[in-house]
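Have a look at upload27.txt below; it lists compact mmCIF, C-alpha atoms.
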```txt
# COMPACT_ATOMS: atom_id res chain seq x y z
CA MET A 1 37.77 -31.12 8.00
CA ARG A 2 35.84 -34.39 8.01
CA ALA A 3 36.22 -34.71 4.24
CA ILE A 4 39.98 -34.17 4.46
CA ALA A 5 40.22 -36.66 7.32
CA GLU A 6 38.29 -39.23 5.27
CA LEU A 7 40.70 -38.83 2.34
CA ALA A 8 43.70 -39.09 4.68
CA ALA A 9 42.32 -42.22 6.33
CA ALA A 10 41.77 -43.85 2.93
CA ALA A 11 45.32 -42.96 1.85
CA LEU A 12 46.84 -44.33 5.06
CA ALA A 13 44.84 -47.54 4.64
CA GLN A 14 46.68 -48.34 1.41
CA PRO A 15 49.46 -50.94 1.72
CA MET A 16 52.86 -49.38 2.23
CA PRO A 17 55.57 -52.06 2.28
CA GLY A 18 57.75 -51.85 5.33
CA VAL A 19 55.79 -49.13 7.10
CA SER A 20 52.12 -50.06 6.80
CA ARG A 21 52.06 -51.68 10.24
CA HIS A 22 53.94 -48.86 11.94
CA ALA A 23 52.20 -47.97 15.22
CA PHE A 24 52.39 -44.21 14.61
CA LEU A 25 50.75 -44.48 11.18
CA ARG A 26 48.02 -46.74 12.57
CA ALA A 27 47.31 -44.18 15.30
CA VAL A 28 47.17 -41.34 12.75
CA ALA A 29 44.85 -43.40 10.52
CA ALA A 30 42.60 -44.11 13.50
CA LEU A 31 42.50 -40.40 14.40
CA CYS A 32 41.55 -39.52 10.81
CA GLU A 33 38.81 -42.13 10.74
CA LEU A 34 37.38 -40.97 14.08
CA THR A 35 37.38 -37.38 12.83
CA ALA A 36 35.66 -38.41 9.59
CA ARG A 37 32.93 -40.18 11.53
CA ALA A 38 32.41 -37.37 14.06
CA GLY A 39 29.38 -35.95 12.25
CA LEU A 40 27.52 -39.20 11.64
CA SER A 41 24.13 -39.76 13.30
CA HIS A 42 22.95 -43.34 13.36
CA ARG A 43 19.28 -44.26 13.56
CA ARG A 44 17.75 -47.61 14.38
CA PRO A 45 17.05 -49.55 11.18
CA VAL A 46 13.89 -51.60 10.82
CA PHE A 47 13.97 -55.33 11.44
CA GLY A 48 12.69 -55.87 7.93
CA ILE A 49 11.19 -59.27 8.75
CA ASN A 50 7.92 -59.12 6.85
CA THR A 51 7.21 -62.83 6.48
CA VAL A 52 8.40 -66.15 7.87
CA THR A 53 7.95 -69.65 6.47
CA ILE A 54 5.97 -71.93 8.78
CA GLY A 55 5.05 -75.41 7.67
CA GLY A 56 5.62 -74.59 4.00
CA ARG A 57 3.52 -71.42 3.98
CA GLU A 58 4.38 -67.74 4.34
CA ALA A 59 3.09 -65.99 7.47
CA ALA A 60 3.07 -62.19 7.82
CA VAL A 61 5.12 -60.68 10.66
CA ARG A 62 4.65 -57.33 12.41
CA GLU A 63 6.32 -55.57 15.33
CA THR A 64 4.13 -55.00 18.39
CA ALA A 65 5.12 -53.16 21.57
CA VAL A 66 4.19 -55.29 24.58
CA HIS A 67 5.78 -53.28 27.41
CA GLN A 68 7.76 -50.06 27.51
CA THR A 69 10.04 -48.18 29.90
CA PRO A 70 12.03 -44.99 29.28
CA PHE A 71 15.02 -47.19 28.42
CA CYS A 72 13.59 -50.09 26.44
CA THR A 73 10.61 -51.40 24.54
CA LEU A 74 9.71 -55.07 24.76
CA LEU A 75 8.84 -55.96 21.17
CA ARG A 76 6.91 -58.96 19.97
CA LEU A 77 7.56 -60.13 16.44
CA GLU A 78 3.94 -61.10 16.02
CA LYS A 79 2.91 -63.42 13.23
CA GLU A 80 -0.28 -65.02 12.00
CA PRO A 81 -1.57 -67.76 14.31
CA ALA A 82 0.48 -70.91 13.90
CA GLY A 83 -0.71 -72.89 16.91
CA PRO A 84 1.00 -73.01 20.31
CA GLN A 85 4.71 -72.27 20.11
CA PRO A 86 7.39 -71.88 22.82
CA ARG A 87 7.68 -68.28 24.01
CA VAL A 88 11.24 -66.91 23.96
CA LEU A 89 12.71 -63.62 25.16
CA LEU A 90 15.74 -62.57 23.11
CA VAL A 91 17.83 -60.12 25.16
CA ALA A 92 19.78 -57.98 22.70
CA PRO A 93 23.06 -56.15 23.38
CA MET A 94 22.77 -52.50 24.33
CA SER A 95 26.50 -51.72 24.19
CA GLY A 96 26.36 -49.31 21.28
CA HIS A 97 24.19 -51.61 19.16
CA PHE A 98 20.59 -51.63 18.03
CA ALA A 99 18.44 -54.71 18.64
CA THR A 100 18.25 -55.16 14.87
CA LEU A 101 21.77 -56.58 15.16
CA LEU A 102 19.94 -59.84 15.99
CA ARG A 103 17.69 -59.73 12.94
CA SER A 104 18.95 -63.06 11.57
CA THR A 105 18.71 -64.76 14.97
CA ALA A 106 15.14 -63.57 15.43
CA GLN A 107 14.20 -64.63 11.91
CA VAL A 108 15.45 -68.18 12.50
CA LEU A 109 13.64 -68.42 15.86
CA LEU A 110 10.38 -67.13 14.40
CA ALA A 111 9.64 -70.30 12.47
CA ASP A 112 9.21 -72.34 15.66
CA HIS A 113 8.87 -69.80 18.48
CA ASP A 114 6.81 -66.88 19.73
CA VAL A 115 9.63 -64.28 19.72
CA TYR A 116 10.01 -61.24 21.95
CA ILE A 117 13.08 -58.98 21.88
CA THR A 118 14.47 -56.14 23.98
CA ASP A 119 14.60 -53.01 21.81
CA TRP A 120 16.92 -50.74 23.81
CA HIS A 121 16.41 -47.02 23.28
CA ASN A 122 19.21 -44.74 22.12
CA ALA A 123 20.74 -43.10 25.21
CA ARG A 124 20.82 -39.69 23.51
CA ASP A 125 17.00 -39.74 23.31
CA ILE A 126 16.40 -40.50 27.02
CA GLY A 127 15.80 -37.51 29.27
CA LEU A 128 17.90 -37.03 32.39
CA GLN A 129 14.72 -36.93 34.46
CA HIS A 130 14.50 -40.71 34.08
CA GLY A 131 17.69 -41.13 36.08
CA PRO A 132 20.73 -43.33 35.38
CA PHE A 133 20.72 -46.78 33.85
CA GLU A 134 23.14 -49.01 35.70
CA PHE A 135 23.83 -52.73 35.90
CA ASP A 136 21.11 -53.25 38.52
CA ASP A 137 18.62 -51.50 36.24
CA PHE A 138 19.59 -53.83 33.40
CA ILE A 139 18.89 -56.84 35.64
CA ASP A 140 15.58 -55.32 36.78
CA HIS A 141 14.51 -54.86 33.16
CA VAL A 142 15.19 -58.51 32.32
CA ILE A 143 13.22 -59.62 35.41
CA THR A 144 10.33 -57.27 34.59
CA PHE A 145 10.13 -58.47 30.99
CA LEU A 146 10.10 -62.12 32.08
CA GLN A 147 7.33 -61.32 34.57
CA VAL A 148 5.35 -59.54 31.86
CA LEU A 149 5.64 -62.59 29.59
CA GLY A 150 4.78 -64.98 32.40
CA PRO A 151 5.75 -68.54 33.38
CA GLY A 152 7.19 -70.91 30.81
CA THR A 153 9.19 -68.31 28.87
CA HIS A 154 12.62 -69.26 27.55
CA VAL A 155 15.34 -66.59 27.65
CA ILE A 156 18.35 -66.11 25.37
CA GLY A 157 21.10 -63.60 26.13
CA VAL A 158 23.43 -62.68 23.28
CA CYS A 159 26.89 -61.24 23.93
CA GLN A 160 26.93 -58.24 26.28
CA PRO A 161 23.71 -58.97 28.26
CA CYS A 162 24.72 -62.54 29.18
CA VAL A 163 25.95 -61.55 32.64
CA ALA A 164 22.81 -59.52 33.38
CA VAL A 165 20.58 -62.37 32.17
CA LEU A 166 22.44 -64.87 34.38
CA ALA A 167 22.07 -62.55 37.39
CA ALA A 168 18.36 -61.96 36.69
CA VAL A 169 17.60 -65.67 36.41
CA ALA A 170 19.59 -66.42 39.57
CA ILE A 171 17.63 -63.78 41.51
CA MET A 172 14.31 -65.09 40.22
CA ALA A 173 15.27 -68.65 41.12
CA GLU A 174 16.32 -67.60 44.62
CA ASP A 175 12.99 -65.79 45.08
CA ALA A 176 11.05 -68.75 43.63
CA ASP A 177 9.51 -66.32 41.15
CA PRO A 178 6.82 -68.18 39.16
CA ALA A 179 7.95 -66.29 36.04
CA GLN A 180 11.51 -67.61 36.17
CA PRO A 181 12.36 -68.91 32.70
CA ARG A 182 11.98 -72.52 31.67
CA SER A 183 15.44 -72.42 30.10
CA MET A 184 18.34 -70.00 29.81
CA THR A 185 20.74 -69.82 26.85
CA LEU A 186 23.83 -67.59 26.95
CA MET A 187 25.44 -67.03 23.54
CA ALA A 188 28.86 -65.50 22.89
CA GLY A 189 28.97 -63.77 26.27
CA PRO A 190 32.15 -64.33 28.29
CA ILE A 191 30.87 -64.98 31.82
CA ASP A 192 34.40 -65.80 32.98
CA THR A 193 37.00 -64.43 30.59
CA ARG A 194 39.66 -66.73 32.04
CA VAL A 195 37.93 -69.71 30.44
CA ASN A 196 38.45 -70.33 26.70
CA PRO A 197 40.19 -66.98 26.12
CA THR A 198 39.66 -65.35 22.72
CA GLU A 199 41.03 -62.23 21.05
CA VAL A 200 37.92 -60.35 22.18
CA ASN A 201 38.09 -61.12 25.88
CA ARG A 202 41.89 -60.97 25.91
CA LEU A 203 41.57 -57.40 24.64
CA ALA A 204 38.88 -56.65 27.22
CA THR A 205 40.96 -58.11 30.05
CA SER A 206 44.05 -56.19 28.94
CA ARG A 207 42.02 -52.97 29.13
CA VAL A 208 40.87 -53.48 32.71
CA VAL A 209 42.13 -50.85 35.13
CA ARG A 210 42.79 -52.41 38.54
CA ALA A 211 43.16 -50.69 41.86
CA GLN A 212 46.45 -50.97 43.72
CA ALA A 213 46.41 -52.39 47.24
CA ASP A 214 46.33 -48.89 48.73
CA ARG A 215 43.17 -48.15 46.67
CA TYR A 216 44.54 -44.74 45.78
CA ARG A 217 46.51 -45.49 42.64
CA THR A 218 45.52 -47.34 39.48
CA VAL A 219 47.52 -48.83 36.70
CA ALA A 220 46.51 -49.75 33.16
CA LEU A 221 47.35 -53.35 32.29
CA SER A 222 48.48 -52.50 28.77
CA ARG A 223 49.29 -49.71 26.33
CA ARG A 224 50.66 -47.26 28.87
CA PRO A 225 50.42 -44.29 26.46
CA ALA A 226 46.66 -44.76 26.11
CA ALA A 227 46.23 -44.58 29.87
CA CYS A 228 48.02 -41.25 30.27
CA LEU A 229 47.12 -39.40 27.06
CA PRO A 230 44.07 -37.16 26.79
CA GLY A 231 40.75 -38.79 25.97
CA ILE A 232 40.82 -38.37 22.19
CA CYS A 233 44.32 -39.86 21.95
CA ALA A 234 43.40 -42.76 24.19
CA ALA A 235 40.32 -43.37 22.04
CA CYS A 236 42.48 -43.40 18.92
CA CYS A 237 44.90 -45.90 20.44
CA PHE A 238 42.02 -48.15 21.44
CA TYR A 239 40.27 -47.76 18.08
CA GLU A 240 43.31 -48.52 15.97
CA HIS A 241 44.07 -51.54 18.15
CA GLU A 242 40.53 -52.90 17.72
CA SER A 243 40.57 -52.20 13.98
CA SER A 244 43.78 -54.15 13.50
CA THR A 245 42.98 -57.03 15.87
CA PRO A 246 41.31 -60.09 14.27
CA CYS A 247 38.25 -61.38 16.12
```

As structure tokens, what does this structure read like?
Amino acid sequence: MRAIAELAAAALAQPMPGVSRHAFLRAVAALCELTARAGLSHRRPVFGINTVTIGGREAAVRETAVHQTPFCTLLRLEKEPAGPQPRVLLVAPMSGHFATLLRSTAQVLLADHDVYITDWHNARDIGLQHGPFEFDDFIDHVITFLQVLGPGTHVIGVCQPCVAVLAAVAIMAEDADPAQPRSMTLMAGPIDTRVNPTEVNRLATSRVVRAQADRYRTVALSRRPAACLPGICAACCFYEHESSTPC
């Protein structure tokens, strides 16, 4: 069934003048692609950063676990001694991504920084006995990692974790925590999606489900069919929209 769905998705992806942008065909193509991908199992790839150039010479790099919880491992991209360098915590997205998504960012930072990165574990591999992982837990992890690294650490949040990083730093500042970071950089994370709207946060805002004043009814802000159809159909509507929306 997956093989047939893959062939159908490829056929529907071919340009068809006059009908190629038809909403029904896009939804069918999205359903076929979802079905074709249903059996895939993704594993975390390696960072693959073996060396870094420092001062004109190549220095070997290795991954070292500094601290670990059931949900995340704090990795250090350890390299040969290169003298004192600023320590930086790179907080990677955990929204369906592996930390290796930031491979290029980490590689650039390595030349001039002592780099640590949050390597979030795959949710399917975490036992239920460890409890849920909610927004407060995300914030607690960022605070714990900064405390493990100690005073003077710089922190960079990329995309999805920007809000959690901002909250963690605010809490540490309020508590006068000696491990609060020396600097905070938030990259590509919409803290307030009303400011500088892009296709990405416009899509996110349009997907928000808001409570009515009576708190008993909700309405979807867009794509009414996706809100009322069964889960798989709603997923297809969302997927085909994302696939056809430029970012």

Query - Thr73 (chain A) environment, 7 Å, all atoms listed in the file, sequence neighbours closer than 5 positions dropped, as a count of residues only - result: 6

Report summary line: Counting all atoms listed in the file, the residue among A:Arg37, A:Arg76, A:His141, A:His22 that lies closest to Ala9 (chain A) is A:Arg37

Which residues of region 49-93 of chain A come within 12 Å of region 182-199 of chain A, and what is each one's closest atom pair and distance in Å (one decimal), counting only C-alpha atoms, sorted by chain and residue number, as a Markdown table?
```
| residue | atom | partner | partner_atom | distance |
| --- | --- | --- | --- | --- |
| A:Pro86 | CA | A:Arg182 | CA | 10.0 |
| A:Arg87 | CA | A:Arg182 | CA | 9.8 |
| A:Val88 | CA | A:Ser183 | CA | 9.3 |
| A:Leu89 | CA | A:Met184 | CA | 9.7 |
| A:Leu90 | CA | A:Thr185 | CA | 9.6 |
| A:Val91 | CA | A:Leu186 | CA | 9.7 |
| A:Ala92 | CA | A:Met187 | CA | 10.7 |
| A:Pro93 | CA | A:Gly189 | CA | 10.1 |
```

I need the residues from that last selection saved to file as a PDB file, keeping the file's coordinate frame (with C-alpha atoms), if you can.
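Saved the output as result_17.pdb:
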```
ATOM      1  CA  PRO A  86       7.390 -71.880  22.820  1.00  0.00           C
ATOM      2  CA  ARG A  87       7.680 -68.280  24.010  1.00  0.00           C
ATOM      3  CA  VAL A  88      11.240 -66.910  23.960  1.00  0.00           C
ATOM      4  CA  LEU A  89      12.710 -63.620  25.160  1.00  0.00           C
ATOM      5  CA  LEU A  90      15.740 -62.570  23.110  1.00  0.00           C
ATOM      6  CA  VAL A  91      17.830 -60.120  25.160  1.00  0.00           C
ATOM      7  CA  ALA A  92      19.780 -57.980  22.700  1.00  0.00           C
ATOM      8  CA  PRO A  93      23.060 -56.150  23.380  1.00  0.00           C
TER       9      PRO A  93
END
```

Requested in this report: For each of A:Glu6, A:Ala27, A:Val52, A:Asp177, take the minimum atom-to-atom distance to Gly152 (chain A), counting only C-alpha atoms, then give the residue where this is smallest.
Outcome: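 Using only C-alpha atoms, the shortest distance to Gly152 (chain A) belongs to A:Asp177.
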
Query raised in the report: Need the neighbours of (15.9, -69.8, 38.2): which residues are at most 12 Å away, counting only C-alpha atoms, as a ChimeraX atom specification?
Result: /A:143,146,151-155,165-184

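With CA of His42 (chain A) on one side and CA of Ala29 (chain A) on the other, the separation reads 22.1 Å.
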
Requested in this report: Would you list the residues near (0.6, -61.7, 8.3), meaning any protein, DNA or RNA residue with an atom at most 12 Å from that point in file coordinates, counting all atoms listed in the file, as a list in words?
Outcome: Ile49, Asn50, Thr51, Val52, Thr53, Ile54, Arg57, Glu58, Ala59, Ala60, Val61, Arg62, Glu63, Leu77, Glu78, Lys79, Glu80, Pro81 and Ala82 of chain A

Output, as lines of an AutoDock Vina configuration file, the centre and edge lengths in Å (one decimal) of the axis-aligned box that contains all listed atoms of region 84-88 of chain A with 8 Å of margin on each side.
```
center_x = 6.1
center_y = -70.0
center_z = 22.1
size_x = 26.2
size_y = 22.1
size_z = 19.9
```

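The nearest approach to Thr35 (chain A) among the residues A:Ala23, A:Leu7, A:Cys159, A:Val142, with all atoms listed in the file taken into account, belongs to A:Leu7.
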
Query raised in the report: What separation in Å, quoted to one decimal, exists between CA of Thr144 (chain A) and CA of Phe98 (chain A)?
Result: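 Those two atoms sit 20.3 Å apart.
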
Requested in this report: For CA of Phe133 (chain A) and CA of Gly157 (chain A), quote the distance in Å rounded to one decimal.
Outcome: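 Atom-to-atom, CA of Phe133 (chain A) to CA of Gly157 (chain A), that is 18.5 Å.
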
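Residue neighbourhood of Pro70 (chain A), excluding near-sequence residues (fewer than 5 positions): Asp119, Trp120, His121, Asn122, Ala123, Arg124, Asp125, Ile126, Gly127, Leu128, Gln129, His130, Gly131, Pro132, Phe133, Asp137 and His141 of chain A, at 12 Å, using all atoms listed in the file.
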
Query - Closest of A:Gln14, A:Arg26, A:Met1, A:Gly48 to Ser104 (chain A) - atom-to-atom distances counting all atoms listed in the file - result: A:Gly48

Requested in this report: Identify which of the residues A:Ile4, A:Val115, A:Leu31, A:Met94 lies closest to Ala164 (chain A), counting all atoms listed in the file when measuring atom-to-atom distances.
Outcome: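 Once distances to Ala164 (chain A) are computed over all atoms listed in the file, the minimum belongs to A:Met94.
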